[in-house]
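Here's the structure, in structure tokens; my notes come after.
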Amino acid sequence: MFTNDLEKLSAICKDVRADIVKMTAAAGSGHPGGSLSAVELMTALYFKVMRHRPQEPKWPDRDRFILSKGHACPVLYSVMARTGYFPVEELLTLRKLGSRLQGHPSSKALPALEVSSGSLGQGLSIANGLALAAKINKQDYRVYSLHGDGELQEGQIWEAAMTAAHYKLDNVCAIIDYNGLQIDGAVEKVMGLAPLAAKWQAFNWHTIEIDGHDFNQVLAAYEEAKNTKGKPTVIIARTVKGKGVSFMENAAGWHGKAPNQEELQKALRDIYGREN
């Protein structure tokens, strides 16, 4: 059916985007905008890059993933379900009472997660701790953490950036979903980050800038990060908030708003070219 891996990954992305709008619509709440912007980044990680075993989620040699921007859990839950951690049908229980799929990731509810997250700014510190443990224990797993651009306004991020560089944590890869929008509007108006790449470079990180929706660039960046020795790597991925759904794209209002049933059908038409 697929002529190459990129076609397969692109097809998976459609299903992941559909999962995101379906589960947030079913919940009547959630964060579709920043989940949709990270689909290619997350699909590449879970289907191509990370070493992991869905049937053995605590395999000691697995690569670790931290969703620092925990509100974007719909994209995480989707790629986890579609790689076999739990049934895809369970996605529609998002934010329901008693569900394992809480509105922010809970490792107590879903033990396959590395950590509970949602308090912005903490994920890179956690990634550093896991990476240091790997160095101490002479294990070769890698640690990936996904961050929102608005999250970088938190001071703890920059303390963690100093720490990772100081300890030469070349097994850490931070990924910035740089879609330019946060809940209150444009990131540059709320608290500007520019020049972002220069900031990370000044903190002694290997810095890669890419189009976060181009699989060739995404996969090449992950490979470059893996091959970089002596310093941590940050991938600054330019993305589109609400990517793949026409009326959500570049609209800050869809940061934390669920589609209604009419909007859901329109979103699915955008994603698949038909209702689903």
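Lettering and numbering for the structure tokens are positional, with chains as A, B, ... in the shown order, residues counted from 1 in each chain, and ligands counted from 1 in the shown order.
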What's around segment 201-215 of chain A at 10 Å? Count only C-alpha atoms, leave out sequence neighbours fewer than 4 positions away in its own chain, and write the answer as a ChimeraX atom specification. /A:5-7,9-10,37-41,43-44,158-159,161-166,168-170,173-179,196-197,219-222,224-225,228-240,243
Within 12 Å of Glu188 of chain A, counting only C-alpha atoms, which residues show up once you throw out same-chain ones fewer than 5 positions away? Write them as a ChimeraX atom specification, please. /A:149-150,152-153,178-182,193-196
Would you save the residues from that selection as a CSV table (one decimal), in the first residue's frame, using C-alpha atoms?
chain,number,residue,atom,x,y,z
A,149,ASP,CA,7.3,27.7,22.9
A,150,GLY,CA,5.3,29.6,25.5
A,152,LEU,CA,10.1,28.5,27.5
A,153,GLN,CA,9.0,31.7,29.3
A,178,TYR,CA,7.6,26.5,18.0
A,179,ASN,CA,4.1,27.3,16.7
A,180,GLY,CA,4.3,30.9,17.8
A,181,LEU,CA,1.0,30.9,19.8
A,182,GLN,CA,0.0,30.4,23.4
A,193,LEU,CA,11.7,34.5,22.8
A,194,ALA,CA,13.7,35.8,19.8
A,195,PRO,CA,16.4,35.1,18.9
A,196,LEU,CA,15.6,31.6,20.2
All helix (DSSP H, G or I) positions in segment 78-254 of chain A, as JSON, numbers by chain: {"A": [78, 79, 80, 81, 82, 88, 89, 90, 91, 92, 93, 123, 124, 125, 126, 127, 128, 129, 130, 131, 132, 133, 134, 135, 136, 150, 151, 152, 153, 155, 156, 157, 158, 159, 160, 161, 162, 163, 164, 165, 166, 187, 188, 189, 190, 191, 196, 197, 198, 199, 200, 201, 202, 215, 216, 217, 218, 219, 220, 221, 222, 223, 224, 225, 226, 227, 252, 253, 254]}
Extract, using only C-alpha atoms, all DNA, RNA and protein residues at most 12 Å from Ala134 of chain A, discarding same-chain residues fewer than 2 positions from it, and format them as a list of chain:residue names. A:Pro60, A:Asp61, A:Arg62, A:Asp63, A:Arg64, A:Ala127, A:Asn128, A:Gly129, A:Leu130, A:Ala131, A:Leu132, A:Ile136, A:Asn137, A:Lys138, A:Gln139, A:Asp140, A:Tyr141, A:Arg142, A:Val143, A:Leu169, A:Asp170, A:Asn171, A:Val172
